[in-house]
Number of protein chains: 2
Amino acid sequence: MYDTIHDAIQASNLNNGHTILVGGFGLCGIPMGCIQYIHDNGYHDLTVISNNCGVDDWGLGILLQQKQIKRMISSYVGENAEFERQYLSGELEVVLTPQGTLAEKLRAGGAGIPAFYTPTAFGTQIQEGGFIIKYKQDGSKQGEILTQSKEVRVYNGKSYVLEESIVGDVALVKAWKADKYGNLVFRGTARNFNPDCAMAAKFTIAEVEEIVDLGDIKPEDVHLPGVYVHAIVKHNAEKRIEKLTVEKPKRSSGTKLAGAGSEAQPVVDDKKRAAQEVRDKIAKRAAKELRDGMSVNLGIGMPTLVSNYIPDGMSIMMQSENGLLGMG
Amino acid sequence: MYDTIHDAIQASNLNNGHTILVGGFGLCGIPMGCIQYIHDNGYHDLTVISNNCGVDDWGLGILLQQKQIKRMISSYVGENAEFERQYLSGELEVVLTPQGTLAEKLRAGGAGIPAFYTPTAFGTQIQEGGFIIKYKQDGSKQGEILTQSKEVRVYNGKSYVLEESIVGDVALVKAWKADKYGNLVFRGTARNFNPDCAMAAKFTIAEVEEIVDLGDIKPEDVHLPGVYVHAIVKHNAEKRIEKLTVEKPKRSSGTKLAGAGSEAQPVVDDKKRAAQEVRDKIAKRAAKELRDGMSVNLGIGMPTLVSNYIPDGMSIMMQSENGLLGMG
């Protein structure tokens with residue numbers, strides 16, 4: 001156990017140029033205290049493996065702002081305008097990785113498996129190579145560093161891609177509770193990517209909300225055994241919500257809102273409306289594939305719209321590993 | 001949910017010649033009700049994947065007795081005399097698999113990964129091939145079916161073996177609690193191999209001690225999501241202990257036991273004593289590798305003796321995935 005994040009980071013021997021693994025999904029389950037420390041102390045040329053890269057002013061986004069990240073290995077980076085700017089201008093290297101593959105690369109790294117075959121990405125640019133990791137800085141929109149093609153092998157008539165695992169110098173994870181041996185418990189969807197990152201690093205720092213006595217966490221309830229955790233530090237950072245959605249105030253049909261003319265309509269851009277109609281159409285069509293009793297895994301974006309079009313009387317089990325369904 | 005094991009097995013379409021995955025470790029965490037049903041109903045020519053094969057009269061051992069198993073893919077099969085007899089006489093096919101590799105092959109099968117590289121078994125007969133899966137039945141002690149060599153690849157200067165995953169027709173798992181959606185909680189070391197088997201089969205039957213209401217299992221406490229479970233049945237089979245060890249009655253040094261002559265010594269076979277001395281010597285030597293603060297994973301057999309020779313004042317975290325340390 002360490003009293004401060006400073007002590008924990010010092011113990012990890014984190015240095016410029018290191019590879020760090022950062023748990024969480026979006027702004028949920030991120031080790032914000034450690035990220036802030038790295039920001040404040042100016043570590044640079046970092047390779048960061050994390051599903052996302054925060055938003056402009058929170059999460060890993062604050063390291064981007066200061067250009068402390070040299071290379072980002074991520075899956076979903078759509079919430080960060082500075083990320084896009086740095087990537088397209090050749091300031092930031094990006095290795096886009098399918099989400100499940102990213103989780104599995106970390107999990108494999110932690111399990112001592114150097115490589116594995118997965119069906120994901122077969123036949124795409126991720127497998128065929130040529131994806132631009134780094135743009136030239138001359139404005140030519142050409143790549144300076146490109147991905148190589150990945151080996152393919154067929155098992156039982158299906159093609160699979162060989163993916164190598166990820167091992168990092170330091171993992172920064174956020175947990176709910178720890179005991180002094182480093183056994184960890186995560187809360188809800190804050191578990192995303194955290195155990196995988198913790199297992200895959202040479203040194204793992206767990207930033208936790210609460211440190212409990214030995215025995216308070218029952219063996220069955222341990223999400224990550226302490227053998228993977230090298231430093232524990234208690235730190236309660238602010239928890240931000242990426243996209244806060246609240247119920248709209250109800251407007252009874254018979255009354256007019258003060259100030260609203262009788263013909264007033266919400267101003268909607270025609271292009272946006274058309275795009276929304278296409279999205280709804282796709283979601284409606286996808287919903288027709290569902291059958292009673294199915295278990296359905298919904299991804300981010302359009303897939304979640306599918307849930308709006310499940311016919312009455314059909315019982316579907318919806319699963320989302322990302323905590324998008326009500327818990328996000 | 002099914003009322004009886006009969007109904008659950010019927011729903012699984014289990015048939016002769018099928019591959020079944022059976023969870024548990026030794027006699028702990030085994031789906032004994034399902035095993036008994038398969039025994040009583042005479043299913044045969046089964047390929048069984050399980051870490052162990054029970055003992056002569058319990059666990060998977062009862063299927064062996066009736067020669068219902070054609071091939072066994074296991075790690076540790078030393079507790080079963082009939083197993084040895086059938087194997088050496090060419091009646092039973094055996095694919096011996098390192099324990100971690102077996103768990104990973106199931107885990108990979110469940111995760112959609114057809115193959116992965118592991119350092120385990122490199123340079124052994126498991127990798128080089130020629131291990132006898134089936135002996136000839138003519139008493140010649142020669143193999144009728146042998147293992148093939150496995151591919152090797154070097155990553156960062158270290159050699160790794162390519163292992164293919166396992167997928168089964170039906171998984172039989174034993175859990176502590178289930179809710180009606182099939183979310184499972186396992187108790188203590190009874191979790192061994194059960195989640196991995198459950199994920200790797202086309203149809204999974206969970207034999208559980210208790211069925212609880214939806215919501216009684218908190219999301220954080222789910223060990224295996226119900227999406228992997230196709231049938232739940234409540235069944236409380238007898239729980240046997242493979243090797244019951246109880247504290248020996250204390251013998252105060254000043255008094256003689258009634259009937260014991262003054263020169264009486266426990267009868268110990270010289271050969272056994274010599275073997276024990278060698279084992280102790282190896283364990284003592286291994287203990288010298290330990291340093292204060294280490295985490296040490298102990299395997300079955302001699303490795304567990306190492307714990308007897310840790311010097312006073314040294315604090316070692318001992319881990320055993322097999323529940324051999326006090327919980328076994």
# chains A, B, ... in the order shown; residues from 1 in each chain; ligands from 1
$ residues_around --residues "Ser295 (chain B)" --least-positions-apart "2" --cutoff "12 Å" --atoms "only C-alpha atoms" --output "JSON, numbers by chain"
{"A": [181, 225, 226, 227, 228, 229, 230], "B": [289, 290, 291, 292, 293, 297, 298, 314, 315, 316, 317, 318, 319, 320]}
$ select_by_dssp --residues "region 83-301 of chain B" --states "alpha helix (DSSP H)" --output "JSON, numbers by chain"
{"B": [83, 84, 85, 86, 87, 88, 99, 100, 101, 102, 103, 104, 105, 106, 107, 108, 109, 110, 111, 125, 126, 127, 128, 194, 195, 196, 197, 198, 199, 270, 271, 272, 273, 274, 275, 276, 277, 278, 279, 280, 281, 282, 283, 284, 285, 286, 287]}
$ write_last_selection --atoms "N, CA and C atoms" --output "CSV table (one decimal), in the first residue's frame"
chain,number,residue,atom,x,y,z
B,83,PHE,N,-8.7,-46.6,-14.6
B,83,PHE,CA,-8.3,-45.7,-15.7
B,83,PHE,C,-6.9,-46.2,-16.2
B,84,GLU,N,-6.0,-46.5,-15.3
B,84,GLU,CA,-4.6,-47.0,-15.7
B,84,GLU,C,-4.8,-48.3,-16.4
B,85,ARG,N,-5.6,-49.2,-15.9
B,85,ARG,CA,-5.7,-50.5,-16.5
B,85,ARG,C,-6.3,-50.4,-17.9
B,86,GLN,N,-7.3,-49.6,-18.1
B,86,GLN,CA,-8.0,-49.5,-19.4
B,86,GLN,C,-7.0,-48.9,-20.4
B,87,TYR,N,-6.3,-47.9,-19.9
B,87,TYR,CA,-5.4,-47.2,-20.8
B,87,TYR,C,-4.2,-48.1,-21.3
B,88,LEU,N,-3.6,-48.8,-20.3
B,88,LEU,CA,-2.5,-49.7,-20.7
B,88,LEU,C,-2.9,-50.9,-21.5
B,99,GLN,N,-2.1,-29.0,-17.4
B,99,GLN,CA,-3.3,-28.5,-16.7
B,99,GLN,C,-3.7,-27.1,-17.2
B,100,GLY,N,-2.7,-26.2,-17.2
B,100,GLY,CA,-3.0,-24.8,-17.6
B,100,GLY,C,-3.4,-24.8,-19.1
B,101,THR,N,-2.8,-25.6,-19.9
B,101,THR,CA,-3.1,-25.7,-21.3
B,101,THR,C,-4.5,-26.2,-21.5
B,102,LEU,N,-4.9,-27.2,-20.7
B,102,LEU,CA,-6.3,-27.7,-20.8
B,102,LEU,C,-7.3,-26.6,-20.5
B,103,ALA,N,-7.1,-25.9,-19.4
B,103,ALA,CA,-8.0,-24.8,-19.1
B,103,ALA,C,-8.0,-23.7,-20.2
B,104,GLU,N,-6.9,-23.4,-20.7
B,104,GLU,CA,-6.8,-22.4,-21.8
B,104,GLU,C,-7.4,-22.9,-23.1
B,105,LYS,N,-7.3,-24.1,-23.4
B,105,LYS,CA,-7.9,-24.7,-24.6
B,105,LYS,C,-9.5,-24.6,-24.5
B,106,LEU,N,-10.0,-24.8,-23.3
B,106,LEU,CA,-11.4,-24.6,-23.1
B,106,LEU,C,-11.8,-23.2,-23.2
B,107,ARG,N,-11.1,-22.3,-22.5
B,107,ARG,CA,-11.3,-20.9,-22.4
B,107,ARG,C,-11.3,-20.3,-23.9
B,108,ALA,N,-10.3,-20.7,-24.6
B,108,ALA,CA,-10.2,-20.3,-26.0
B,108,ALA,C,-11.4,-20.8,-26.8
B,109,GLY,N,-11.8,-22.0,-26.6
B,109,GLY,CA,-12.9,-22.5,-27.4
B,109,GLY,C,-14.2,-21.7,-27.1
B,110,GLY,N,-14.3,-21.3,-25.9
B,110,GLY,CA,-15.5,-20.5,-25.5
B,110,GLY,C,-15.4,-19.1,-26.0
B,111,ALA,N,-14.2,-18.6,-26.3
B,111,ALA,CA,-14.0,-17.2,-26.7
B,111,ALA,C,-13.9,-17.1,-28.2
B,125,GLN,N,7.5,-34.4,-24.9
B,125,GLN,CA,6.8,-35.3,-25.8
B,125,GLN,C,5.5,-34.7,-26.2
B,126,ILE,N,4.9,-34.0,-25.4
B,126,ILE,CA,3.6,-33.4,-25.7
B,126,ILE,C,3.7,-32.5,-27.0
B,127,GLN,N,4.9,-31.8,-27.1
B,127,GLN,CA,5.1,-30.9,-28.2
B,127,GLN,C,5.7,-31.7,-29.4
B,128,GLU,N,6.7,-32.6,-29.0
B,128,GLU,CA,7.4,-33.3,-30.1
B,128,GLU,C,6.6,-34.4,-30.7
B,194,ASN,N,-15.2,-25.1,-14.2
B,194,ASN,CA,-16.6,-25.0,-14.5
B,194,ASN,C,-16.9,-23.9,-15.5
B,195,PRO,N,-16.5,-22.7,-15.2
B,195,PRO,CA,-16.8,-21.6,-16.2
B,195,PRO,C,-16.2,-21.9,-17.6
B,196,ASP,N,-15.0,-22.4,-17.6
B,196,ASP,CA,-14.4,-22.7,-18.9
B,196,ASP,C,-15.1,-23.7,-19.7
B,197,CYS,N,-15.5,-24.8,-19.0
B,197,CYS,CA,-16.3,-25.8,-19.7
B,197,CYS,C,-17.7,-25.2,-20.2
B,198,ALA,N,-18.3,-24.4,-19.3
B,198,ALA,CA,-19.6,-23.9,-19.7
B,198,ALA,C,-19.6,-23.0,-21.0
B,199,MET,N,-18.5,-22.3,-21.1
B,199,MET,CA,-18.4,-21.4,-22.3
B,199,MET,C,-18.1,-22.1,-23.6
B,270,ASP,N,11.1,-49.5,4.0
B,270,ASP,CA,12.4,-48.7,3.8
B,270,ASP,C,12.4,-48.0,2.4
B,271,LYS,N,11.8,-48.6,1.4
B,271,LYS,CA,11.8,-48.0,0.1
B,271,LYS,C,11.0,-46.7,0.1
B,272,LYS,N,9.9,-46.8,0.8
B,272,LYS,CA,9.0,-45.6,0.9
B,272,LYS,C,9.7,-44.5,1.7
B,273,ARG,N,10.4,-44.9,2.8
B,273,ARG,CA,11.1,-43.9,3.6
B,273,ARG,C,12.1,-43.2,2.7
B,274,ALA,N,12.9,-44.0,2.0
B,274,ALA,CA,13.9,-43.4,1.1
B,274,ALA,C,13.3,-42.4,0.1
B,275,ALA,N,12.2,-42.8,-0.5
B,275,ALA,CA,11.5,-42.0,-1.4
B,275,ALA,C,11.1,-40.7,-0.8
B,276,GLN,N,10.6,-40.8,0.4
B,276,GLN,CA,10.1,-39.6,1.2
B,276,GLN,C,11.3,-38.7,1.4
B,277,GLU,N,12.5,-39.3,1.8
B,277,GLU,CA,13.6,-38.5,2.0
B,277,GLU,C,14.1,-37.7,0.8
B,278,VAL,N,14.0,-38.3,-0.4
B,278,VAL,CA,14.4,-37.7,-1.6
B,278,VAL,C,13.4,-36.5,-1.9
B,279,ARG,N,12.1,-36.8,-1.7
B,279,ARG,CA,11.1,-35.7,-1.9
B,279,ARG,C,11.4,-34.5,-1.0
B,280,ASP,N,11.6,-34.8,0.3
B,280,ASP,CA,11.9,-33.7,1.2
B,280,ASP,C,13.1,-32.9,0.8
B,281,LYS,N,14.1,-33.6,0.3
B,281,LYS,CA,15.4,-33.0,-0.1
B,281,LYS,C,15.1,-32.0,-1.2
B,282,ILE,N,14.3,-32.5,-2.2
B,282,ILE,CA,14.0,-31.7,-3.3
B,282,ILE,C,13.2,-30.4,-2.9
B,283,ALA,N,12.3,-30.7,-2.0
B,283,ALA,CA,11.4,-29.6,-1.5
B,283,ALA,C,12.3,-28.5,-0.7
B,284,LYS,N,13.2,-29.0,0.1
B,284,LYS,CA,14.1,-28.1,0.8
B,284,LYS,C,14.9,-27.3,-0.1
B,285,ARG,N,15.4,-27.9,-1.2
B,285,ARG,CA,16.2,-27.2,-2.1
B,285,ARG,C,15.4,-26.2,-2.9
B,286,ALA,N,14.2,-26.5,-3.2
B,286,ALA,CA,13.3,-25.6,-4.0
B,286,ALA,C,13.0,-24.4,-3.1
B,287,ALA,N,12.8,-24.7,-1.7
B,287,ALA,CA,12.5,-23.6,-0.8
B,287,ALA,C,13.6,-22.5,-0.7
$ closest_atom_pairs --of "chain A" --to "chain B" --cutoff "9 Å" --atoms "only C-alpha atoms" --output "tab-separated table"
residue	atom	partner	partner_atom	distance
A:Gly112	CA	B:Thr118	CA	7.0
A:Ile113	CA	B:Thr118	CA	5.3
A:Pro114	CA	B:Tyr117	CA	6.2
A:Ala115	CA	B:Tyr117	CA	5.7
A:Phe116	CA	B:Phe116	CA	4.1
A:Tyr117	CA	B:Ala115	CA	5.7
A:Thr118	CA	B:Ile113	CA	5.3
A:Pro119	CA	B:Ile113	CA	7.6
A:Tyr155	CA	B:Pro114	CA	6.9
A:Tyr160	CA	B:Pro114	CA	8.1
A:Leu162	CA	B:Phe116	CA	8.8
A:Val185	CA	B:Glu220	CA	8.3
A:Phe186	CA	B:Glu220	CA	7.3
A:Arg187	CA	B:Glu220	CA	6.5
A:Gly188	CA	B:Glu220	CA	6.0
A:Thr189	CA	B:Glu220	CA	8.7
A:Arg191	CA	B:Glu220	CA	8.8
A:Pro219	CA	B:Gly188	CA	6.7
A:Glu220	CA	B:Gly188	CA	5.9
A:Asp221	CA	B:Asp221	CA	6.3
A:His223	CA	B:Glu220	CA	8.5
A:Val227	CA	B:Ser295	CA	6.6
A:Ser295	CA	B:Val227	CA	6.6
A:Met317	CA	B:Val227	CA	8.3
A:Gln319	CA	B:Val227	CA	8.4
$ write_last_selection --atoms "N, CA and C atoms" --output "PDB file, in the first residue's frame"
ATOM      1  N   GLY A 112       0.453 -15.033 -20.469  1.00  0.00           N
ATOM      2  CA  GLY A 112       1.693 -15.610 -20.993  1.00  0.00           C
ATOM      3  C   GLY A 112       1.553 -16.185 -22.387  1.00  0.00           C
ATOM      4  N   ILE A 113       0.497 -15.777 -23.079  1.00  0.00           N
ATOM      5  CA  ILE A 113       0.254 -16.245 -24.452  1.00  0.00           C
ATOM      6  C   ILE A 113       0.712 -15.158 -25.413  1.00  0.00           C
ATOM      7  N   PRO A 114       1.707 -15.417 -26.249  1.00  0.00           N
ATOM      8  CA  PRO A 114       2.249 -14.357 -27.093  1.00  0.00           C
ATOM      9  C   PRO A 114       1.401 -14.042 -28.327  1.00  0.00           C
ATOM     10  N   ALA A 115       0.556 -15.002 -28.747  1.00  0.00           N
ATOM     11  CA  ALA A 115      -0.246 -14.771 -29.957  1.00  0.00           C
ATOM     12  C   ALA A 115      -1.398 -15.759 -30.013  1.00  0.00           C
ATOM     13  N   PHE A 116      -2.460 -15.359 -30.720  1.00  0.00           N
ATOM     14  CA  PHE A 116      -3.657 -16.198 -30.835  1.00  0.00           C
ATOM     15  C   PHE A 116      -4.365 -15.876 -32.138  1.00  0.00           C
ATOM     16  N   TYR A 117      -5.222 -16.778 -32.554  1.00  0.00           N
ATOM     17  CA  TYR A 117      -6.008 -16.551 -33.768  1.00  0.00           C
ATOM     18  C   TYR A 117      -7.417 -16.080 -33.412  1.00  0.00           C
ATOM     19  N   THR A 118      -7.905 -15.103 -34.163  1.00  0.00           N
ATOM     20  CA  THR A 118      -9.265 -14.609 -33.960  1.00  0.00           C
ATOM     21  C   THR A 118      -9.929 -14.376 -35.312  1.00  0.00           C
ATOM     22  N   PRO A 119     -11.247 -14.595 -35.389  1.00  0.00           N
ATOM     23  CA  PRO A 119     -11.928 -14.331 -36.660  1.00  0.00           C
ATOM     24  C   PRO A 119     -12.096 -12.833 -36.938  1.00  0.00           C
ATOM     25  N   TYR A 155      -9.242 -22.582 -40.036  1.00  0.00           N
ATOM     26  CA  TYR A 155      -9.628 -23.683 -39.150  1.00  0.00           C
ATOM     27  C   TYR A 155     -11.082 -24.037 -39.446  1.00  0.00           C
ATOM     28  N   TYR A 160      -9.021 -17.096 -39.950  1.00  0.00           N
ATOM     29  CA  TYR A 160      -8.681 -16.415 -38.700  1.00  0.00           C
ATOM     30  C   TYR A 160      -7.392 -15.613 -38.862  1.00  0.00           C
ATOM     31  N   LEU A 162      -3.971 -13.919 -37.125  1.00  0.00           N
ATOM     32  CA  LEU A 162      -3.037 -14.088 -36.008  1.00  0.00           C
ATOM     33  C   LEU A 162      -2.766 -12.727 -35.363  1.00  0.00           C
ATOM     34  N   VAL A 185     -11.943  -5.639  -6.122  1.00  0.00           N
ATOM     35  CA  VAL A 185     -13.343  -5.754  -6.518  1.00  0.00           C
ATOM     36  C   VAL A 185     -13.682  -4.501  -7.327  1.00  0.00           C
ATOM     37  N   PHE A 186     -14.307  -4.694  -8.477  1.00  0.00           N
ATOM     38  CA  PHE A 186     -14.708  -3.572  -9.324  1.00  0.00           C
ATOM     39  C   PHE A 186     -16.209  -3.370  -9.206  1.00  0.00           C
ATOM     40  N   ARG A 187     -16.673  -2.171  -9.521  1.00  0.00           N
ATOM     41  CA  ARG A 187     -18.091  -1.877  -9.381  1.00  0.00           C
ATOM     42  C   ARG A 187     -18.728  -1.738 -10.753  1.00  0.00           C
ATOM     43  N   GLY A 188     -19.786  -2.533 -10.981  1.00  0.00           N
ATOM     44  CA  GLY A 188     -20.555  -2.430 -12.220  1.00  0.00           C
ATOM     45  C   GLY A 188     -19.669  -2.465 -13.455  1.00  0.00           C
ATOM     46  N   THR A 189     -20.009  -1.608 -14.398  1.00  0.00           N
ATOM     47  CA  THR A 189     -19.289  -1.612 -15.662  1.00  0.00           C
ATOM     48  C   THR A 189     -17.904  -0.971 -15.562  1.00  0.00           C
ATOM     49  N   ARG A 191     -15.609  -2.303 -14.381  1.00  0.00           N
ATOM     50  CA  ARG A 191     -14.652  -3.413 -14.500  1.00  0.00           C
ATOM     51  C   ARG A 191     -14.027  -3.476 -15.897  1.00  0.00           C
ATOM     52  N   PRO A 219     -13.398 -14.954  -0.819  1.00  0.00           N
ATOM     53  CA  PRO A 219     -12.651 -15.497  -1.972  1.00  0.00           C
ATOM     54  C   PRO A 219     -13.477 -15.505  -3.252  1.00  0.00           C
ATOM     55  N   GLU A 220     -14.758 -15.853  -3.144  1.00  0.00           N
ATOM     56  CA  GLU A 220     -15.610 -15.914  -4.344  1.00  0.00           C
ATOM     57  C   GLU A 220     -15.819 -14.548  -4.975  1.00  0.00           C
ATOM     58  N   ASP A 221     -15.654 -13.490  -4.167  1.00  0.00           N
ATOM     59  CA  ASP A 221     -15.987 -12.147  -4.647  1.00  0.00           C
ATOM     60  C   ASP A 221     -14.791 -11.395  -5.211  1.00  0.00           C
ATOM     61  N   HIS A 223     -12.452 -10.171  -7.817  1.00  0.00           N
ATOM     62  CA  HIS A 223     -12.489 -10.085  -9.277  1.00  0.00           C
ATOM     63  C   HIS A 223     -11.096 -10.222  -9.876  1.00  0.00           C
ATOM     64  N   VAL A 227      -2.189 -11.133  -6.624  1.00  0.00           N
ATOM     65  CA  VAL A 227      -0.904 -11.511  -7.200  1.00  0.00           C
ATOM     66  C   VAL A 227      -0.559 -10.643  -8.423  1.00  0.00           C
ATOM     67  N   SER A 295     -30.422 -14.330 -27.280  1.00  0.00           N
ATOM     68  CA  SER A 295     -29.532 -13.433 -26.547  1.00  0.00           C
ATOM     69  C   SER A 295     -28.816 -12.588 -27.585  1.00  0.00           C
ATOM     70  N   MET A 317     -32.958 -11.331 -24.616  1.00  0.00           N
ATOM     71  CA  MET A 317     -31.950 -10.994 -23.616  1.00  0.00           C
ATOM     72  C   MET A 317     -30.895 -10.142 -24.300  1.00  0.00           C
ATOM     73  N   GLN A 319     -27.463  -8.023 -24.225  1.00  0.00           N
ATOM     74  CA  GLN A 319     -26.225  -7.986 -23.469  1.00  0.00           C
ATOM     75  C   GLN A 319     -25.335  -6.921 -24.093  1.00  0.00           C
TER      76      GLN A 319
END
$ residues_around --residues "Tyr2 (chain A)" --least-positions-apart "4" --cutoff "10 Å" --atoms "only C-alpha atoms" --output "ChimeraX atom specification"
/A:6-9,11,205,231-234
$ write_last_selection --atoms "all heavy atoms" --output "PDB file, in the first residue's frame"
ATOM      1  N   HIS A   6       1.973   9.655  -5.924  1.00  0.00           N
ATOM      2  CA  HIS A   6       3.393   9.935  -6.174  1.00  0.00           C
ATOM      3  C   HIS A   6       4.251   8.728  -5.796  1.00  0.00           C
ATOM      4  O   HIS A   6       5.072   8.260  -6.581  1.00  0.00           O
ATOM      5  CB  HIS A   6       3.828  11.170  -5.369  1.00  0.00           C
ATOM      6  CG  HIS A   6       5.310  11.408  -5.387  1.00  0.00           C
ATOM      7  ND1 HIS A   6       5.942  12.056  -6.418  1.00  0.00           N
ATOM      8  CD2 HIS A   6       6.284  11.038  -4.513  1.00  0.00           C
ATOM      9  CE1 HIS A   6       7.252  12.085  -6.177  1.00  0.00           C
ATOM     10  NE2 HIS A   6       7.481  11.478  -5.029  1.00  0.00           N
ATOM     11  N   ASP A   7       4.036   8.213  -4.588  1.00  0.00           N
ATOM     12  CA  ASP A   7       4.837   7.072  -4.125  1.00  0.00           C
ATOM     13  C   ASP A   7       4.615   5.838  -5.001  1.00  0.00           C
ATOM     14  O   ASP A   7       5.563   5.118  -5.326  1.00  0.00           O
ATOM     15  CB  ASP A   7       4.476   6.726  -2.670  1.00  0.00           C
ATOM     16  CG  ASP A   7       4.883   7.837  -1.700  1.00  0.00           C
ATOM     17  OD1 ASP A   7       5.681   8.703  -2.101  1.00  0.00           O
ATOM     18  OD2 ASP A   7       4.381   7.826  -0.564  1.00  0.00           O
ATOM     19  N   ALA A   8       3.374   5.611  -5.367  1.00  0.00           N
ATOM     20  CA  ALA A   8       3.056   4.423  -6.173  1.00  0.00           C
ATOM     21  C   ALA A   8       3.708   4.517  -7.553  1.00  0.00           C
ATOM     22  O   ALA A   8       4.306   3.556  -8.042  1.00  0.00           O
ATOM     23  CB  ALA A   8       1.543   4.254  -6.294  1.00  0.00           C
ATOM     24  N   ILE A   9       3.619   5.679  -8.174  1.00  0.00           N
ATOM     25  CA  ILE A   9       4.209   5.852  -9.511  1.00  0.00           C
ATOM     26  C   ILE A   9       5.734   5.750  -9.426  1.00  0.00           C
ATOM     27  O   ILE A   9       6.381   5.141 -10.277  1.00  0.00           O
ATOM     28  CB  ILE A   9       3.801   7.211 -10.138  1.00  0.00           C
ATOM     29  CG1 ILE A   9       2.278   7.292 -10.322  1.00  0.00           C
ATOM     30  CG2 ILE A   9       4.558   7.465 -11.449  1.00  0.00           C
ATOM     31  CD1 ILE A   9       1.729   6.873 -11.643  1.00  0.00           C
ATOM     32  N   ALA A  11       7.404   3.968  -7.326  1.00  0.00           N
ATOM     33  CA  ALA A  11       7.721   2.541  -7.135  1.00  0.00           C
ATOM     34  C   ALA A  11       7.642   1.769  -8.451  1.00  0.00           C
ATOM     35  O   ALA A  11       8.326   0.763  -8.642  1.00  0.00           O
ATOM     36  CB  ALA A  11       6.766   1.926  -6.112  1.00  0.00           C
ATOM     37  N   ILE A 205      -0.563  -0.614 -10.780  1.00  0.00           N
ATOM     38  CA  ILE A 205      -1.022   0.273  -9.705  1.00  0.00           C
ATOM     39  C   ILE A 205      -2.553   0.282  -9.700  1.00  0.00           C
ATOM     40  O   ILE A 205      -3.178   0.565 -10.717  1.00  0.00           O
ATOM     41  CB  ILE A 205      -0.525   1.717  -9.925  1.00  0.00           C
ATOM     42  CG1 ILE A 205       1.013   1.743  -9.955  1.00  0.00           C
ATOM     43  CG2 ILE A 205      -1.066   2.651  -8.844  1.00  0.00           C
ATOM     44  CD1 ILE A 205       1.590   3.095 -10.357  1.00  0.00           C
ATOM     45  N   ALA A 231       0.919  -2.249  -6.430  1.00  0.00           N
ATOM     46  CA  ALA A 231       0.758  -1.062  -5.589  1.00  0.00           C
ATOM     47  C   ALA A 231      -0.727  -0.722  -5.492  1.00  0.00           C
ATOM     48  O   ALA A 231      -1.464  -0.818  -6.468  1.00  0.00           O
ATOM     49  CB  ALA A 231       1.529   0.117  -6.187  1.00  0.00           C
ATOM     50  N   ILE A 232      -1.126  -0.357  -4.282  1.00  0.00           N
ATOM     51  CA  ILE A 232      -2.515   0.071  -4.059  1.00  0.00           C
ATOM     52  C   ILE A 232      -2.458   1.471  -3.481  1.00  0.00           C
ATOM     53  O   ILE A 232      -1.656   1.732  -2.572  1.00  0.00           O
ATOM     54  CB  ILE A 232      -3.219  -0.798  -2.994  1.00  0.00           C
ATOM     55  CG1 ILE A 232      -2.888  -2.281  -3.181  1.00  0.00           C
ATOM     56  CG2 ILE A 232      -4.722  -0.571  -3.007  1.00  0.00           C
ATOM     57  CD1 ILE A 232      -3.104  -3.068  -1.894  1.00  0.00           C
ATOM     58  N   VAL A 233      -3.312   2.340  -3.989  1.00  0.00           N
ATOM     59  CA  VAL A 233      -3.377   3.674  -3.393  1.00  0.00           C
ATOM     60  C   VAL A 233      -4.835   4.129  -3.379  1.00  0.00           C
ATOM     61  O   VAL A 233      -5.580   3.913  -4.330  1.00  0.00           O
ATOM     62  CB  VAL A 233      -2.437   4.668  -4.137  1.00  0.00           C
ATOM     63  CG1 VAL A 233      -2.834   4.809  -5.582  1.00  0.00           C
ATOM     64  CG2 VAL A 233      -2.408   6.015  -3.449  1.00  0.00           C
ATOM     65  N   LYS A 234      -5.230   4.685  -2.246  1.00  0.00           N
ATOM     66  CA  LYS A 234      -6.605   5.142  -2.114  1.00  0.00           C
ATOM     67  C   LYS A 234      -6.709   6.550  -2.688  1.00  0.00           C
ATOM     68  O   LYS A 234      -5.919   7.428  -2.320  1.00  0.00           O
ATOM     69  CB  LYS A 234      -7.001   5.140  -0.635  1.00  0.00           C
ATOM     70  CG  LYS A 234      -8.472   5.376  -0.401  1.00  0.00           C
ATOM     71  CD  LYS A 234      -8.842   5.232   1.061  1.00  0.00           C
ATOM     72  CE  LYS A 234     -10.227   5.842   1.277  1.00  0.00           C
ATOM     73  NZ  LYS A 234     -10.653   5.740   2.669  1.00  0.00           N
TER      74      LYS A 234
END
$ residues_around --residues "region 236-242 of chain A" --least-positions-apart "6" --cutoff "8 Å" --atoms "only C-alpha atoms" --output "ChimeraX atom specification"
/A:26-28,32-33,55,208-209
$ atom_distance --atom1 "CA of Lys67 (chain A)" --atom2 "CA of Gln142 (chain A)"
21.5 Å
$ select_by_dssp --residues "region 84-325 of chain A" --states "strand (DSSP E)" --output "PyMOL selection string"
chain A and resi 93-96+115-118+132-135+143-146+152-155+158-164+168-178+184-185+201-211+231-234+295-297+317-319
